[in-house]
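Student: My questions will all concern the structure given below.
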Amino acid sequence: MHRCPYRLSLLGAMVAGSFLGHAQAQNADSSLELAPSSVTAVASERAETVEVEQIQRLQANDLQDVFETNPEVTVGGGAGIAQKLYLRGFEDTQLNITIDGASQAGQTFHHTGRIGIEPELLKRAEVQAGTGDATAGPGALGGSIRFVTKDPDDLLREGESFGALVKGGYFSNGEGYKSSTSLYGRFNENWSALAVASYQDQNDYEDGNNDDVLGTGARQKLGFTKLVGKLSESQTLRLSYEQRTDDGERSQRPQWIPSGFNRLYPMRSERETWTLNYAFKPLDNDLVDVELTTFHNEVELQQDGRFGLYFGGTRSSGFDLRNTSHLGRHTLTYGVDYRDDRGTLGPAGNREETSEDGSILGLYVQDSLQLTERLQIGAGLRYDRYKLDDRDDQRFREDGVSPNLSARYALTPELTLLAGHTRALRGPQVRDAFKMDSSRNDPNTKAERARTSEVGFEYRLASWELSGKLYETRIKDAVADPIGAPNVYGNIGDLKSDGVLLQTTYHWQRVSAGLSYHHNNARLDGRRLNVYEHNGQGTSLGDTWTTFADYRATEDLTVGWQGRFVESIDSLHTGEGTVSKPGYGVHDLYAEWLPLAADRLTLTLTLKNLFDKQYLDHASNEDFTHIPDFEGVRGSYEPGREVRLGVALRI
């Protein structure tokens with residue numbers, strides 16, 4: 001199922017449009033006008049987009065803030081370093097995650113969140129749910145998420161050659177503060193640059209019962225630079241560097257609450273990423289539109305725990321070279337991508353005492369065929385070859401092809417029908433760094449193979465939008481290291497995620513409102529998933545409703561409300577006993593005021609968890625504490641009520 005490129009497509013409205021207000025709603029109405037009975041989507045576009053307006057108005061501090069309006073995405077875990085992301089019930093280890101094209105592969109420690117991103121940098125976040133198409137990269141079993149950072153031109157105003165943006169924020173829960181400074185400017189008409197530095201400091205936050213949630217305090221630092229150059233009329237270069245650190249005292253297994261067997265220790269996470277993007281698009285040449293991305297990404301986790309100071313790390317380097325050609329009714333994208341991975345673990349004196357290496361080479365082609373005015377066909381194929389040399393000197397080699405096929409048909413000018421089927425393969429690869437010295441790979445491990453089938457519709461009538469889809473994803477021969485002995489990575493069975501998504505939005509003058517519903521059922525060999533036993537695989541999520549209402553009171557003042565309501569799972573059967581996942585509803589309010597001309601000053605007030613709800617997010621480890629010998633196995637409760645005050649000044 002492929003998405004139209006208009007800004008507020010049906011399924012994207014709840015995500016991309018949640019905070020656009022009256023002026024942007026008017027723009028959306030015009031962009032939604034299609035020629036009678038025509039479909040002009042790009043075949044590879046299935047992504048739902050989170051835009052910068054949403055991130056800014058909610059004063060997002062972490063992944064949960066970024067994605068909380070997307071009903072298919074659930075993020076939980078309490079502290080940022082413990083947060084895990086689930087897309088349609090599958091954990092982010094089943095996804096392809098990139099930042100400006102730089103792959104965020106590997107896992108340093110199974111109890112920590114794998115992804116760290118500073119929302120301040122984001123221009124948008126694109127979510128492609130379900131097995132990825134040929135351009136999504138290798139091994140996109142459950143989908144992909146693409147983070148795109150800001151360019152200098154995103155901050156420079158017309159006529160400006162230099163500018164600065166200074167931001168300060170205070171959040172009451174945890175008595176924290178955040179500050180950032182962005183400097184951006186043009187050296188000449190062809191070259192520009194951006195530099196961002198930010199710092200965030202907060203104490204342990206309080207849950208809805210006003211109890212301190214230990215191990216959630218953090219100190220985060222960010223340094224980011226980007227250079228953008230127009231080498232010629234047809235060539236553009238982007239070079240960026242990012243360093244992000246997170247320090248705090250966390251439980252040895254941050255996914256669980258502190259306890260007698262899970263004590264608090266100093267923990268530090270650091271990510272360093274270099275990315276080079278090059279684009280070549282000659283004028284008046286429909287056959288050449290080249291994009292090259294090269295990257296180097298390093299992540300290191302330091303834990304000074306009961307075994308002393310240990311370092312787990314992952315390193316990934318690679319490239320993606322592609323070209324897009326327009327041939328009559330065809331839009332053809334084809335290319336090659338490659339990634340080299342290394343995982344390491346060791347004490348302070350020898351950080352690479354244990355290591356393993358892997359690589360992935362992929363070839364792909366994706367076509368969008370405008371067969372008629374009403375019908376568009378998408379078809380693609382990719383070939384991937386995986387290599388892994390593990391810590392026991394075992395050699396794994398897997399390869400295979402992954403096809404996809406989709407269609408969009410305009411039944412009427414208002415109603416479009418969609419259908420698609422995609423497949424993906426993932427061979428053995430570098431795994432959890434902190435388990436490298438205690439776990440091994442089953443020599444008979446086979447490649448994982450995923451397939452997703454979807455059907456859906458999009459309906460638009462004036463300012464009203466309605467959409468829906470049914471989906472099913474299966475991952476055959478899923479790979480994991482199950483709980484308990486003998487600590488072996490191997491094929492554990494077949495994962496399945498199926499569900500339904502319904503969304504509607506309405507725009508009227510200065511008001512926008514919307515409602516979405518998502519039902520998901522994730523299982524391994526017929527048994528519902530839970531975080532504790534299926535770490536790295538997925539979890540069970542209650543039916544999720546998300547709502548929003550935004551009102552642009554004046555040209556300078558916008559206010560809004562959003563809610564996220566998750567239904568309970570009363571009986572979730574596990575190998576250790578039956579647990580429950582209580583439902584919850586969380587309300588957020590925001591107000592954004594621009595008191596000075598040219599939007600020089602922005603004041604933002606955000607009220608999170610308005611009614612001080614005490615709840616355990618369904619993406620956090622379930623509560624096993626009522627089961628003997630599992631008294632400390634539970635995720636952290638989410639923050640209670642929080643007031644966030646933000647000031648942004650353009651200089």
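Please note that chains go A, B, ... in the order of the structure tokens, that every chain numbers its residues from 1, and that ligands are numbered from 1 in the order shown.
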Compile the contact shell of Leu369 of chain A as number ranges by chain: residues with an atom at most 8 Å away, counting only C-alpha atoms, same-chain residues fewer than 5 positions apart removed.
Tutor: A: 43, 329-331, 376-378
Student: Name the residues of segment 60-133 of chain A that come out as strand (DSSP E) in a backbone DSSP run; write them as a PDB file with all heavy atoms, in the first residue's frame.
Tutor:
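After the write, out10.pdb holds the following:
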```pdb
ATOM      1  N   VAL A  73       2.875   3.390  16.684  1.00  0.00           N
ATOM      2  CA  VAL A  73       4.156   3.407  17.386  1.00  0.00           C
ATOM      3  C   VAL A  73       3.912   3.569  18.877  1.00  0.00           C
ATOM      4  O   VAL A  73       3.146   4.432  19.305  1.00  0.00           O
ATOM      5  CB  VAL A  73       5.057   4.556  16.884  1.00  0.00           C
ATOM      6  CG1 VAL A  73       6.380   4.573  17.658  1.00  0.00           C
ATOM      7  CG2 VAL A  73       5.322   4.415  15.388  1.00  0.00           C
ATOM      8  N   THR A  74       4.572   2.728  19.679  1.00  0.00           N
ATOM      9  CA  THR A  74       4.485   2.817  21.137  1.00  0.00           C
ATOM     10  C   THR A  74       5.897   2.836  21.704  1.00  0.00           C
ATOM     11  O   THR A  74       6.731   2.017  21.319  1.00  0.00           O
ATOM     12  CB  THR A  74       3.710   1.632  21.731  1.00  0.00           C
ATOM     13  OG1 THR A  74       2.419   1.553  21.113  1.00  0.00           O
ATOM     14  CG2 THR A  74       3.530   1.794  23.229  1.00  0.00           C
ATOM     15  N   VAL A  75       6.171   3.795  22.578  1.00  0.00           N
ATOM     16  CA  VAL A  75       7.488   3.927  23.207  1.00  0.00           C
ATOM     17  C   VAL A  75       7.288   3.953  24.717  1.00  0.00           C
ATOM     18  O   VAL A  75       6.488   4.723  25.232  1.00  0.00           O
ATOM     19  CB  VAL A  75       8.217   5.205  22.754  1.00  0.00           C
ATOM     20  CG1 VAL A  75       9.584   5.303  23.429  1.00  0.00           C
ATOM     21  CG2 VAL A  75       8.369   5.236  21.231  1.00  0.00           C
ATOM     22  N   GLY A  76       8.017   3.100  25.433  1.00  0.00           N
ATOM     23  CA  GLY A  76       7.933   3.076  26.892  1.00  0.00           C
ATOM     24  C   GLY A  76       9.268   2.709  27.491  1.00  0.00           C
ATOM     25  O   GLY A  76      10.241   2.450  26.792  1.00  0.00           O
ATOM     26  N   LYS A  84      12.236   1.772  24.701  1.00  0.00           N
ATOM     27  CA  LYS A  84      12.213   0.913  23.523  1.00  0.00           C
ATOM     28  C   LYS A  84      11.009   1.273  22.679  1.00  0.00           C
ATOM     29  O   LYS A  84       9.945   1.621  23.192  1.00  0.00           O
ATOM     30  CB  LYS A  84      12.175  -0.558  23.926  1.00  0.00           C
ATOM     31  CG  LYS A  84      13.428  -1.000  24.667  1.00  0.00           C
ATOM     32  CD  LYS A  84      13.477  -2.505  24.835  1.00  0.00           C
ATOM     33  CE  LYS A  84      14.783  -2.941  25.485  1.00  0.00           C
ATOM     34  NZ  LYS A  84      14.916  -4.408  25.541  1.00  0.00           N
ATOM     35  N   LEU A  85      11.202   1.162  21.384  1.00  0.00           N
ATOM     36  CA  LEU A  85      10.172   1.547  20.432  1.00  0.00           C
ATOM     37  C   LEU A  85       9.570   0.294  19.817  1.00  0.00           C
ATOM     38  O   LEU A  85      10.291  -0.631  19.423  1.00  0.00           O
ATOM     39  CB  LEU A  85      10.775   2.447  19.351  1.00  0.00           C
ATOM     40  CG  LEU A  85       9.855   3.012  18.276  1.00  0.00           C
ATOM     41  CD1 LEU A  85      10.394   4.354  17.792  1.00  0.00           C
ATOM     42  CD2 LEU A  85       9.738   2.055  17.085  1.00  0.00           C
ATOM     43  N   TYR A  86       8.248   0.271  19.727  1.00  0.00           N
ATOM     44  CA  TYR A  86       7.530  -0.846  19.118  1.00  0.00           C
ATOM     45  C   TYR A  86       6.652  -0.309  17.990  1.00  0.00           C
ATOM     46  O   TYR A  86       5.874   0.633  18.192  1.00  0.00           O
ATOM     47  CB  TYR A  86       6.666  -1.578  20.149  1.00  0.00           C
ATOM     48  CG  TYR A  86       7.473  -2.254  21.229  1.00  0.00           C
ATOM     49  CD1 TYR A  86       7.895  -1.543  22.348  1.00  0.00           C
ATOM     50  CD2 TYR A  86       7.837  -3.594  21.125  1.00  0.00           C
ATOM     51  CE1 TYR A  86       8.652  -2.154  23.344  1.00  0.00           C
ATOM     52  CE2 TYR A  86       8.589  -4.208  22.111  1.00  0.00           C
ATOM     53  CZ  TYR A  86       8.999  -3.479  23.211  1.00  0.00           C
ATOM     54  OH  TYR A  86       9.753  -4.084  24.192  1.00  0.00           O
ATOM     55  N   LEU A  87       6.779  -0.917  16.821  1.00  0.00           N
ATOM     56  CA  LEU A  87       5.982  -0.563  15.660  1.00  0.00           C
ATOM     57  C   LEU A  87       5.105  -1.759  15.309  1.00  0.00           C
ATOM     58  O   LEU A  87       5.614  -2.828  14.962  1.00  0.00           O
ATOM     59  CB  LEU A  87       6.895  -0.191  14.481  1.00  0.00           C
ATOM     60  CG  LEU A  87       6.226   0.145  13.151  1.00  0.00           C
ATOM     61  CD1 LEU A  87       5.268   1.319  13.305  1.00  0.00           C
ATOM     62  CD2 LEU A  87       7.283   0.464  12.094  1.00  0.00           C
ATOM     63  N   PHE A  90       6.137  -4.968  17.042  1.00  0.00           N
ATOM     64  CA  PHE A  90       7.506  -5.442  16.869  1.00  0.00           C
ATOM     65  C   PHE A  90       8.492  -4.434  17.445  1.00  0.00           C
ATOM     66  O   PHE A  90       8.370  -3.220  17.227  1.00  0.00           O
ATOM     67  CB  PHE A  90       7.828  -5.658  15.383  1.00  0.00           C
ATOM     68  CG  PHE A  90       7.180  -6.873  14.780  1.00  0.00           C
ATOM     69  CD1 PHE A  90       6.817  -6.892  13.447  1.00  0.00           C
ATOM     70  CD2 PHE A  90       6.933  -8.007  15.537  1.00  0.00           C
ATOM     71  CE1 PHE A  90       6.222  -8.008  12.877  1.00  0.00           C
ATOM     72  CE2 PHE A  90       6.339  -9.133  14.989  1.00  0.00           C
ATOM     73  CZ  PHE A  90       5.985  -9.129  13.651  1.00  0.00           C
ATOM     74  N   GLU A  91       9.509  -4.952  18.167  1.00  0.00           N
ATOM     75  CA  GLU A  91      10.529  -4.077  18.740  1.00  0.00           C
ATOM     76  C   GLU A  91      11.409  -3.485  17.637  1.00  0.00           C
ATOM     77  O   GLU A  91      11.522  -4.045  16.539  1.00  0.00           O
ATOM     78  CB  GLU A  91      11.377  -4.854  19.751  1.00  0.00           C
ATOM     79  CG  GLU A  91      12.220  -3.956  20.649  1.00  0.00           C
ATOM     80  CD  GLU A  91      12.900  -4.735  21.766  1.00  0.00           C
ATOM     81  OE1 GLU A  91      12.289  -5.680  22.302  1.00  0.00           O
ATOM     82  OE2 GLU A  91      14.055  -4.378  22.083  1.00  0.00           O
ATOM     83  N   ASN A  96      14.562  -1.120  10.339  1.00  0.00           N
ATOM     84  CA  ASN A  96      15.712  -0.352   9.866  1.00  0.00           C
ATOM     85  C   ASN A  96      15.569   1.077  10.374  1.00  0.00           C
ATOM     86  O   ASN A  96      14.574   1.746  10.066  1.00  0.00           O
ATOM     87  CB  ASN A  96      15.776  -0.349   8.340  1.00  0.00           C
ATOM     88  CG  ASN A  96      16.673  -1.429   7.789  1.00  0.00           C
ATOM     89  OD1 ASN A  96      17.298  -2.160   8.545  1.00  0.00           O
ATOM     90  ND2 ASN A  96      16.751  -1.539   6.477  1.00  0.00           N
ATOM     91  N   ILE A  97      16.546   1.554  11.142  1.00  0.00           N
ATOM     92  CA  ILE A  97      16.531   2.908  11.684  1.00  0.00           C
ATOM     93  C   ILE A  97      17.701   3.674  11.088  1.00  0.00           C
ATOM     94  O   ILE A  97      18.851   3.215  11.137  1.00  0.00           O
ATOM     95  CB  ILE A  97      16.662   2.919  13.220  1.00  0.00           C
ATOM     96  CG1 ILE A  97      15.717   1.894  13.861  1.00  0.00           C
ATOM     97  CG2 ILE A  97      16.431   4.315  13.758  1.00  0.00           C
ATOM     98  CD1 ILE A  97      14.276   2.217  13.761  1.00  0.00           C
ATOM     99  N   THR A  98      17.432   4.848  10.515  1.00  0.00           N
ATOM    100  CA  THR A  98      18.504   5.669   9.957  1.00  0.00           C
ATOM    101  C   THR A  98      18.349   7.112  10.423  1.00  0.00           C
ATOM    102  O   THR A  98      17.235   7.586  10.694  1.00  0.00           O
ATOM    103  CB  THR A  98      18.507   5.639   8.420  1.00  0.00           C
ATOM    104  OG1 THR A  98      17.250   6.141   7.930  1.00  0.00           O
ATOM    105  CG2 THR A  98      18.732   4.231   7.894  1.00  0.00           C
ATOM    106  N   ILE A  99      19.476   7.812  10.506  1.00  0.00           N
ATOM    107  CA  ILE A  99      19.505   9.252  10.752  1.00  0.00           C
ATOM    108  C   ILE A  99      20.241   9.886   9.586  1.00  0.00           C
ATOM    109  O   ILE A  99      21.441   9.664   9.400  1.00  0.00           O
ATOM    110  CB  ILE A  99      20.199   9.593  12.079  1.00  0.00           C
ATOM    111  CG1 ILE A  99      19.492   8.903  13.246  1.00  0.00           C
ATOM    112  CG2 ILE A  99      20.235  11.108  12.289  1.00  0.00           C
ATOM    113  CD1 ILE A  99      20.177   9.104  14.590  1.00  0.00           C
ATOM    114  N   ALA A 102      22.211   7.393   7.806  1.00  0.00           N
ATOM    115  CA  ALA A 102      23.199   6.627   8.565  1.00  0.00           C
ATOM    116  C   ALA A 102      22.491   5.542   9.369  1.00  0.00           C
ATOM    117  O   ALA A 102      21.674   5.838  10.245  1.00  0.00           O
ATOM    118  CB  ALA A 102      23.993   7.540   9.500  1.00  0.00           C
ATOM    119  N   SER A 103      22.799   4.288   9.096  1.00  0.00           N
ATOM    120  CA  SER A 103      22.131   3.165   9.728  1.00  0.00           C
ATOM    121  C   SER A 103      22.481   3.083  11.217  1.00  0.00           C
ATOM    122  O   SER A 103      23.650   3.157  11.597  1.00  0.00           O
ATOM    123  CB  SER A 103      22.537   1.867   9.023  1.00  0.00           C
ATOM    124  OG  SER A 103      21.919   0.758   9.635  1.00  0.00           O
ATOM    125  N   LEU A 122      15.564  17.454  14.767  1.00  0.00           N
ATOM    126  CA  LEU A 122      14.739  16.812  13.760  1.00  0.00           C
ATOM    127  C   LEU A 122      13.953  17.798  12.904  1.00  0.00           C
ATOM    128  O   LEU A 122      13.326  18.736  13.405  1.00  0.00           O
ATOM    129  CB  LEU A 122      13.767  15.836  14.420  1.00  0.00           C
ATOM    130  CG  LEU A 122      14.391  14.600  15.069  1.00  0.00           C
ATOM    131  CD1 LEU A 122      13.303  13.725  15.658  1.00  0.00           C
ATOM    132  CD2 LEU A 122      15.219  13.823  14.068  1.00  0.00           C
ATOM    133  N   LYS A 123      13.983  17.535  11.623  1.00  0.00           N
ATOM    134  CA  LYS A 123      13.102  18.196  10.666  1.00  0.00           C
ATOM    135  C   LYS A 123      11.828  17.376  10.501  1.00  0.00           C
ATOM    136  O   LYS A 123      10.735  17.929  10.405  1.00  0.00           O
ATOM    137  CB  LYS A 123      13.821  18.352   9.327  1.00  0.00           C
ATOM    138  CG  LYS A 123      13.026  19.037   8.244  1.00  0.00           C
ATOM    139  CD  LYS A 123      13.865  19.184   6.988  1.00  0.00           C
ATOM    140  CE  LYS A 123      13.099  19.888   5.882  1.00  0.00           C
ATOM    141  NZ  LYS A 123      13.940  20.059   4.667  1.00  0.00           N
ATOM    142  N   ARG A 124      11.996  16.059  10.470  1.00  0.00           N
ATOM    143  CA  ARG A 124      10.856  15.160  10.412  1.00  0.00           C
ATOM    144  C   ARG A 124      11.319  13.748  10.745  1.00  0.00           C
ATOM    145  O   ARG A 124      12.512  13.452  10.728  1.00  0.00           O
ATOM    146  CB  ARG A 124      10.192  15.179   9.031  1.00  0.00           C
ATOM    147  CG  ARG A 124      11.060  14.687   7.904  1.00  0.00           C
ATOM    148  CD  ARG A 124      10.345  14.779   6.559  1.00  0.00           C
ATOM    149  NE  ARG A 124      11.147  14.243   5.477  1.00  0.00           N
ATOM    150  CZ  ARG A 124      12.042  14.939   4.795  1.00  0.00           C
ATOM    151  NH1 ARG A 124      12.241  16.213   5.081  1.00  0.00           N
ATOM    152  NH2 ARG A 124      12.735  14.376   3.825  1.00  0.00           N
ATOM    153  N   ALA A 125      10.354  12.887  11.039  1.00  0.00           N
ATOM    154  CA  ALA A 125      10.603  11.463  11.249  1.00  0.00           C
ATOM    155  C   ALA A 125       9.598  10.702  10.400  1.00  0.00           C
ATOM    156  O   ALA A 125       8.391  10.923  10.521  1.00  0.00           O
ATOM    157  CB  ALA A 125      10.452  11.092  12.718  1.00  0.00           C
ATOM    158  N   GLU A 126      10.099   9.834   9.529  1.00  0.00           N
ATOM    159  CA  GLU A 126       9.254   9.093   8.600  1.00  0.00           C
ATOM    160  C   GLU A 126       9.145   7.639   9.065  1.00  0.00           C
ATOM    161  O   GLU A 126      10.157   6.964   9.230  1.00  0.00           O
ATOM    162  CB  GLU A 126       9.827   9.147   7.187  1.00  0.00           C
ATOM    163  CG  GLU A 126       9.971  10.574   6.643  1.00  0.00           C
ATOM    164  CD  GLU A 126      10.734  10.620   5.337  1.00  0.00           C
ATOM    165  OE1 GLU A 126      11.217   9.552   4.900  1.00  0.00           O
ATOM    166  OE2 GLU A 126      10.844  11.717   4.761  1.00  0.00           O
ATOM    167  N   VAL A 127       7.919   7.190   9.245  1.00  0.00           N
ATOM    168  CA  VAL A 127       7.656   5.834   9.720  1.00  0.00           C
ATOM    169  C   VAL A 127       7.020   5.028   8.594  1.00  0.00           C
ATOM    170  O   VAL A 127       5.954   5.388   8.094  1.00  0.00           O
ATOM    171  CB  VAL A 127       6.717   5.838  10.947  1.00  0.00           C
ATOM    172  CG1 VAL A 127       6.457   4.410  11.419  1.00  0.00           C
ATOM    173  CG2 VAL A 127       7.308   6.678  12.071  1.00  0.00           C
ATOM    174  N   GLN A 128       7.679   3.955   8.184  1.00  0.00           N
ATOM    175  CA  GLN A 128       7.126   3.033   7.197  1.00  0.00           C
ATOM    176  C   GLN A 128       6.830   1.723   7.919  1.00  0.00           C
ATOM    177  O   GLN A 128       7.728   0.951   8.229  1.00  0.00           O
ATOM    178  CB  GLN A 128       8.111   2.808   6.046  1.00  0.00           C
ATOM    179  CG  GLN A 128       7.521   1.990   4.902  1.00  0.00           C
ATOM    180  CD  GLN A 128       8.501   1.766   3.765  1.00  0.00           C
ATOM    181  OE1 GLN A 128       9.185   0.742   3.741  1.00  0.00           O
ATOM    182  NE2 GLN A 128       8.604   2.710   2.858  1.00  0.00           N
ATOM    183  N   ALA A 129       5.549   1.498   8.205  1.00  0.00           N
ATOM    184  CA  ALA A 129       5.137   0.323   8.970  1.00  0.00           C
ATOM    185  C   ALA A 129       4.978  -0.872   8.046  1.00  0.00           C
ATOM    186  O   ALA A 129       4.496  -0.754   6.927  1.00  0.00           O
ATOM    187  CB  ALA A 129       3.829   0.607   9.702  1.00  0.00           C
TER     188      ALA A 129
END
```
Student: For Leu321 of chain A, which of A:Val559, A:Val336, A:Leu601, A:Ile475 is the closest residue, counting only C-alpha atoms?
Tutor: A:Val336
Student: Residues at most 10 Å from Val288 of chain A, counting only C-alpha atoms, excluding those fewer than 2 positions away in the same chain, as JSON, numbers by chain?
Tutor: {"A": [280, 281, 282, 283, 284, 285, 286, 290, 291, 322, 323, 324, 325, 326]}
Student: Taking a cut-off of 12 Å and counting only C-alpha atoms, can you build a table that, for each residue of segment 470-566 of chain A near segment 617-641 of chain A, reports the nearest atom pair and how far apart they are in Å (one decimal), sorted by chain then residue number, as a tab-separated table?
Tutor:
```
residue	atom	partner	partner_atom	distance
A:Leu529	CA	A:Glu622	CA	10.9
A:Asn530	CA	A:Glu622	CA	7.3
A:Val531	CA	A:Asn621	CA	5.1
A:Tyr532	CA	A:Asn621	CA	6.0
A:Glu533	CA	A:Asn621	CA	9.6
A:His534	CA	A:Asn621	CA	10.3
A:Asn535	CA	A:Asn621	CA	9.3
A:Gly538	CA	A:Ala619	CA	8.9
A:Thr539	CA	A:Ala619	CA	7.1
A:Ser540	CA	A:His618	CA	7.4
A:Leu541	CA	A:His618	CA	5.7
A:Gly542	CA	A:His618	CA	7.3
A:Asp543	CA	A:His618	CA	10.4
A:Thr544	CA	A:His618	CA	10.2
A:Arg564	CA	A:Asp617	CA	11.1
A:Phe565	CA	A:Asp617	CA	10.8
A:Val566	CA	A:His618	CA	8.2
```
Student: Could you save those same residues with all heavy atoms as a short mmCIF file (atom, residue, chain, number, x, y, z; two decimals), in the first residue's frame?
Tutor:
```cif
data_model
loop_
_atom_site.label_atom_id
_atom_site.label_comp_id
_atom_site.auth_asym_id
_atom_site.auth_seq_id
_atom_site.Cartn_x
_atom_site.Cartn_y
_atom_site.Cartn_z
N LEU A 529 2.95 -12.08 22.80
CA LEU A 529 4.28 -11.64 23.22
C LEU A 529 4.22 -10.85 24.51
O LEU A 529 3.22 -10.19 24.83
CB LEU A 529 4.91 -10.76 22.13
CG LEU A 529 5.09 -11.37 20.74
CD1 LEU A 529 5.74 -10.36 19.81
CD2 LEU A 529 5.92 -12.65 20.81
N ASN A 530 5.33 -10.88 25.27
CA ASN A 530 5.51 -9.98 26.41
C ASN A 530 6.95 -9.52 26.44
O ASN A 530 7.85 -10.17 25.90
CB ASN A 530 5.12 -10.66 27.73
CG ASN A 530 6.03 -11.83 28.09
OD1 ASN A 530 7.11 -11.64 28.64
ND2 ASN A 530 5.60 -13.06 27.77
N VAL A 531 7.20 -8.36 27.04
CA VAL A 531 8.53 -7.73 27.01
C VAL A 531 9.58 -8.61 27.67
O VAL A 531 10.70 -8.75 27.18
CB VAL A 531 8.48 -6.34 27.67
CG1 VAL A 531 9.89 -5.74 27.76
CG2 VAL A 531 7.56 -5.40 26.90
N TYR A 532 9.22 -9.22 28.81
CA TYR A 532 10.20 -9.98 29.58
C TYR A 532 10.75 -11.17 28.80
O TYR A 532 11.96 -11.36 28.70
CB TYR A 532 9.58 -10.45 30.90
CG TYR A 532 10.47 -11.38 31.69
CD1 TYR A 532 11.60 -10.89 32.36
CD2 TYR A 532 10.21 -12.75 31.75
CE1 TYR A 532 12.43 -11.74 33.07
CE2 TYR A 532 11.04 -13.59 32.47
CZ TYR A 532 12.15 -13.09 33.12
OH TYR A 532 12.98 -13.93 33.81
N GLU A 533 9.87 -12.00 28.26
CA GLU A 533 10.31 -13.23 27.59
C GLU A 533 10.71 -13.02 26.14
O GLU A 533 11.45 -13.83 25.58
CB GLU A 533 9.17 -14.26 27.64
CG GLU A 533 8.86 -14.78 29.03
CD GLU A 533 7.75 -15.80 29.01
OE1 GLU A 533 6.67 -15.49 28.48
OE2 GLU A 533 7.97 -16.90 29.54
N HIS A 534 10.24 -11.95 25.53
CA HIS A 534 10.47 -11.77 24.10
C HIS A 534 11.25 -10.49 23.83
O HIS A 534 10.95 -9.74 22.90
CB HIS A 534 9.13 -11.76 23.35
CG HIS A 534 8.33 -13.01 23.60
ND1 HIS A 534 7.18 -13.02 24.37
CD2 HIS A 534 8.54 -14.30 23.21
CE1 HIS A 534 6.70 -14.25 24.42
NE2 HIS A 534 7.51 -15.05 23.74
N ASN A 535 12.27 -10.27 24.66
CA ASN A 535 13.13 -9.13 24.49
C ASN A 535 13.77 -9.17 23.10
O ASN A 535 14.30 -10.19 22.66
CB ASN A 535 14.22 -9.13 25.57
CG ASN A 535 15.16 -7.96 25.43
OD1 ASN A 535 14.75 -6.81 25.57
ND2 ASN A 535 16.42 -8.24 25.14
N GLY A 538 9.25 -8.34 20.45
CA GLY A 538 8.05 -7.51 20.44
C GLY A 538 7.27 -7.66 21.72
O GLY A 538 7.74 -8.26 22.70
N THR A 539 6.06 -7.11 21.74
CA THR A 539 5.22 -7.20 22.92
C THR A 539 3.76 -7.04 22.52
O THR A 539 3.44 -6.70 21.38
CB THR A 539 5.59 -6.14 23.97
OG1 THR A 539 4.94 -6.44 25.21
CG2 THR A 539 5.19 -4.74 23.52
N SER A 540 2.88 -7.29 23.48
CA SER A 540 1.44 -7.15 23.26
C SER A 540 0.99 -5.77 23.72
O SER A 540 1.36 -5.31 24.81
CB SER A 540 0.67 -8.23 24.02
OG SER A 540 0.98 -9.52 23.52
N LEU A 541 0.19 -5.12 22.89
CA LEU A 541 -0.27 -3.77 23.15
C LEU A 541 -1.79 -3.74 23.15
O LEU A 541 -2.43 -4.35 22.27
CB LEU A 541 0.26 -2.80 22.08
CG LEU A 541 1.78 -2.82 21.86
CD1 LEU A 541 2.13 -2.04 20.61
CD2 LEU A 541 2.49 -2.23 23.08
N GLY A 542 -2.36 -3.04 24.11
CA GLY A 542 -3.80 -2.89 24.13
C GLY A 542 -4.29 -2.02 22.99
O GLY A 542 -3.53 -1.23 22.41
N ASP A 543 -5.58 -2.17 22.63
CA ASP A 543 -6.15 -1.32 21.59
C ASP A 543 -5.90 0.14 21.94
O ASP A 543 -6.13 0.57 23.08
CB ASP A 543 -7.65 -1.58 21.46
CG ASP A 543 -7.94 -2.96 20.87
OD1 ASP A 543 -6.98 -3.69 20.58
OD2 ASP A 543 -9.13 -3.29 20.70
N THR A 544 -5.44 0.90 20.95
CA THR A 544 -4.98 2.26 21.20
C THR A 544 -5.82 3.28 20.43
O THR A 544 -6.03 3.14 19.21
CB THR A 544 -3.50 2.41 20.78
OG1 THR A 544 -2.70 1.49 21.55
CG2 THR A 544 -3.00 3.83 21.03
N ARG A 564 -4.13 10.08 24.45
CA ARG A 564 -3.76 8.72 24.06
C ARG A 564 -4.38 7.77 25.07
O ARG A 564 -4.11 7.87 26.28
CB ARG A 564 -2.24 8.55 24.02
CG ARG A 564 -1.79 7.20 23.42
CD ARG A 564 -0.27 7.12 23.34
NE ARG A 564 0.17 5.88 22.70
CZ ARG A 564 0.57 5.78 21.44
NH1 ARG A 564 0.59 6.86 20.68
NH2 ARG A 564 0.95 4.63 20.94
N PHE A 565 -5.22 6.85 24.58
CA PHE A 565 -6.00 5.98 25.45
C PHE A 565 -5.73 4.53 25.03
O PHE A 565 -5.93 4.16 23.86
CB PHE A 565 -7.49 6.30 25.35
CG PHE A 565 -7.78 7.76 25.55
CD1 PHE A 565 -7.91 8.61 24.45
CD2 PHE A 565 -7.89 8.30 26.82
CE1 PHE A 565 -8.16 9.97 24.63
CE2 PHE A 565 -8.13 9.65 27.00
CZ PHE A 565 -8.27 10.49 25.90
N VAL A 566 -5.27 3.74 25.97
CA VAL A 566 -4.87 2.36 25.70
C VAL A 566 -5.73 1.43 26.54
O VAL A 566 -5.81 1.58 27.76
CB VAL A 566 -3.38 2.14 26.01
CG1 VAL A 566 -2.97 0.70 25.69
CG2 VAL A 566 -2.51 3.12 25.22
#
```
